[in-house]
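Asks: Handing you this structure, nothing more for now.
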Amino acid sequence: MANAWTPMTPAASLWADTAEPLSAFPRLKGEQQADVVIIGAGYTGLSAAHHIAKSGLAPIVLEANQPGWGASGRNGGVITAKFRLSFREIDAAHGRAMARRMYEIAHESVDMVEELVSEFGITGARLTRTGQVKAAHNDATLRAATNEAAWMTREMRDTEVSILDPHQVRDETGSSVFVGGILNPGSGGIHPLNYLRGLARGLRQRRVPIFQESPVLTLRRDGAGVIAETPDGVVRARHAIIATNSYSDLTSATARVQRTLVPFRSALIATEKLSPNLAGSLMPTGRSYTETKRMMRWFRKVDDRVVFGGRGAFGKQDSDSAFDALRKAMVGIFPELADIPLAFKWSGLVAMTLDSVPHVGRLDDRTLYAVGYNGAGVAMSSLMGRYLAALVRGEAVDLGLLDADSLKIIPFYALRAPAVRVVAGWYQFLDAAGR
Ligand SMILES: Cc1cc2nc3c(=O)[nH]c(=O)nc-3n(C[C@H](O)[C@H](O)[C@H](O)COP(=O)(O)OP(=O)(O)OC[C@H]3O[C@@H](n4cnc5c(N)ncnc54)[C@H](O)[C@@H]3O)c2cc1C
């Protein structure tokens, strides 16, 4: 076995700067046996490990870097009960029963985060259910958002959403650029890395083995089970779970899953702490906010800083121009931030799918996976851990549209990067044209 792996260091983010420390896990050395070997220690992998252990089976988690190195340690911490595909679109394409099932799954996912935070006592996660406002940047998008909200109330019996007029959105955000909005009170916010570390710490207390800096280099069938090989060790197990999402290209062991995903860079900036006066005038209700634009941007206030997110650079690396564009967009909404320096800039990859919903399925009778959260995976990946555990136990689970009975390979996979640029350019054009 070649020992050529260099573990990657965590993204230097607001979360890394403020997270509770987590002592290192060992590297895998030698041979281990398990019922289930889980590849990846993000929310998907750790939640799966917890639910598998809870049912009396023995999981082992293998992480290439450190737990939370991937998207789970560097996301925006916005918790929403939705998919990139709206429930109305699901209803139109797949019928009412499917739309209702997807609505249930979405709400179950937010409840799952609450349940895990409570079960593991993760106070550092600072989970809030203060709600989210979708803020409209013109009348056309407000009309569309309002119609959508009315449809949700009528057809999904969602009585919680309410429509905000321009004054209410101004009071909510502290910005006067929006023409109205929709309030969804069930959404929430979290410290994403503390949530992740809380899960990892809780699993350690429950004696679930986690190995860090232990990338799975090969994963293969062996008789009635699987063998996962790392640079210095081997795990033999009855089942494998691939929980590598947008980082499925770190080694070739998860290449089959990678080919179902289009990675897209998402970036965040966070300001220096604002003065008490300024902090008090922006986002006083402590919700999170999204825009109605196709190239969606979102913001929230954390510890008196404005955290602002949106599309990152194309390609493998961050770029200053993408962060500059985010800053410009932030100042467009909050002109009073023009002179406030940025304290943190970071980015990560989200995994998009062609049908805009996550995929949960089997590569074969021994290997399961859950990937493709389309940038809305804090809650959904937490829930998928529970569903993966049920699938390992052989239970029937109604996964709705998430059920990936056959791998949905991206056609013309090599062209995915230029295709992402073309689609993003078109969306920017439509946004600029106010459509
Ligand atoms: C910048 C950004 C902002 C986001 N904001 C939000 C948000 O506000 N709200 C929201 O709901 N969602 C958000 N998301 C999406 C959300 O973070 C993800 O959907 C979720 O964290 C996915 O979790 P995961 O466990 O599946 O994958 P990850 O957390 O990415 O974990 C995968 C892990 O697998 C490991 N790995 C890869 N290959 C191997 C291998 N061969 N062997 C061992 N380990 C391996 C990686 O090192 C990584 O740690 C955001 C994502 C990004 C990048």
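We label chains A, B, ... in the order they appear in the structure tokens, count residues from 1 in each chain, and number ligands from 1 in the order shown.
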Compute the set of protein, DNA and RNA residues whose minimum atom distance to ligand 1 is at most 6 Å, using only C-alpha atoms and all ligand atoms, and state it as a VMD selection string.
Replies: chain A and resid 39 to 45 62 to 65 67 to 72 74 to 79 215 to 217 243 to 248 250 to 251 253 266 to 267 347 to 350 371 373 375 to 379 381
Asks: Which residues come within 12 Å of segment 323-327 of chain A, counting only C-alpha atoms, excluding same-chain residues fewer than 2 positions away, as a count of residues only?
Replies: 44
Asks: Out of segment 91-197 of chain A, which residues get alpha helix (DSSP H) from DSSP, as a VMD selection string?
Replies: chain A and resid 91 to 94 96 to 119 139 to 155 166 to 173 192 to 197
Asks: Excluding same-chain residues fewer than 4 positions from Arg238 of chain A, what lies within 8 Å of it counting only C-alpha atoms, as a compact mmCIF listing (two decimals) with C-alpha atoms, in the first residue's frame?
Replies:
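The resulting around_0.txt:
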# COMPACT_ATOMS: atom_id res chain seq x y z
CA ALA A 34 -17.01 -3.78 10.97
CA ASP A 35 -20.60 -4.25 9.92
CA VAL A 36 -20.48 -1.02 7.91
CA ALA A 224 -20.24 -11.40 0.73
CA GLY A 225 -18.72 -8.10 1.86
CA VAL A 226 -16.48 -5.17 0.97
CA ARG A 366 -23.32 -4.07 -0.47
Asks: Measuring atom to atom with only C-alpha atoms, identify which of A:Asp171, A:Gln258, A:Asp304, A:Lys293 is nearest to Lys273 of chain A.
Replies: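 For Lys273 of chain A, the nearest of the candidates is A:Asp304.
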Asks: Select from segment 167-352 of chain A everything DSSP, run on the backbone, classes as strand (DSSP E), then give the selection as number ranges by chain.
Replies: A: 180-184, 188-189, 210-211, 218-222, 225-229, 233-242, 262-271, 288-291, 298-302, 305-311, 342-352
Asks: Determine, counting only C-alpha atoms, which protein, DNA and RNA residues have an atom within 8 Å of an atom of Val360 of chain A; residues of the same chain fewer than 3 positions away are not included. Present the result as a VMD selection string.
Replies: chain A and resid 368 to 371 384 388 399 402 to 404
Asks: Would you save the residues of that selection, restricted to C-alpha atoms, as a PDB file, in the first residue's frame?
Replies:
ATOM      1  CA  LEU A 368     -24.876   2.492  -0.498  1.00  0.00           C
ATOM      2  CA  TYR A 369     -24.480   6.219  -1.018  1.00  0.00           C
ATOM      3  CA  ALA A 370     -26.241   9.535  -0.341  1.00  0.00           C
ATOM      4  CA  VAL A 371     -25.024  12.582  -2.276  1.00  0.00           C
ATOM      5  CA  MET A 384     -29.981  10.805   5.046  1.00  0.00           C
ATOM      6  CA  LEU A 388     -28.949   4.972   5.056  1.00  0.00           C
ATOM      7  CA  LEU A 399     -37.348   8.090  -0.358  1.00  0.00           C
ATOM      8  CA  LEU A 402     -34.414  10.902  -3.759  1.00  0.00           C
ATOM      9  CA  ASP A 403     -34.549   7.213  -4.580  1.00  0.00           C
ATOM     10  CA  ALA A 404     -31.722   6.689  -7.076  1.00  0.00           C
TER      11      ALA A 404
END
Asks: Excluding segment 123-137 of chain A and residues on its chain fewer than 5 positions from it, collect all residues at most 6 Å away from it, counting only C-alpha atoms, and give them as a PyMOL selection string.
Replies: chain A and resi 142+178-191+194-195+287-292
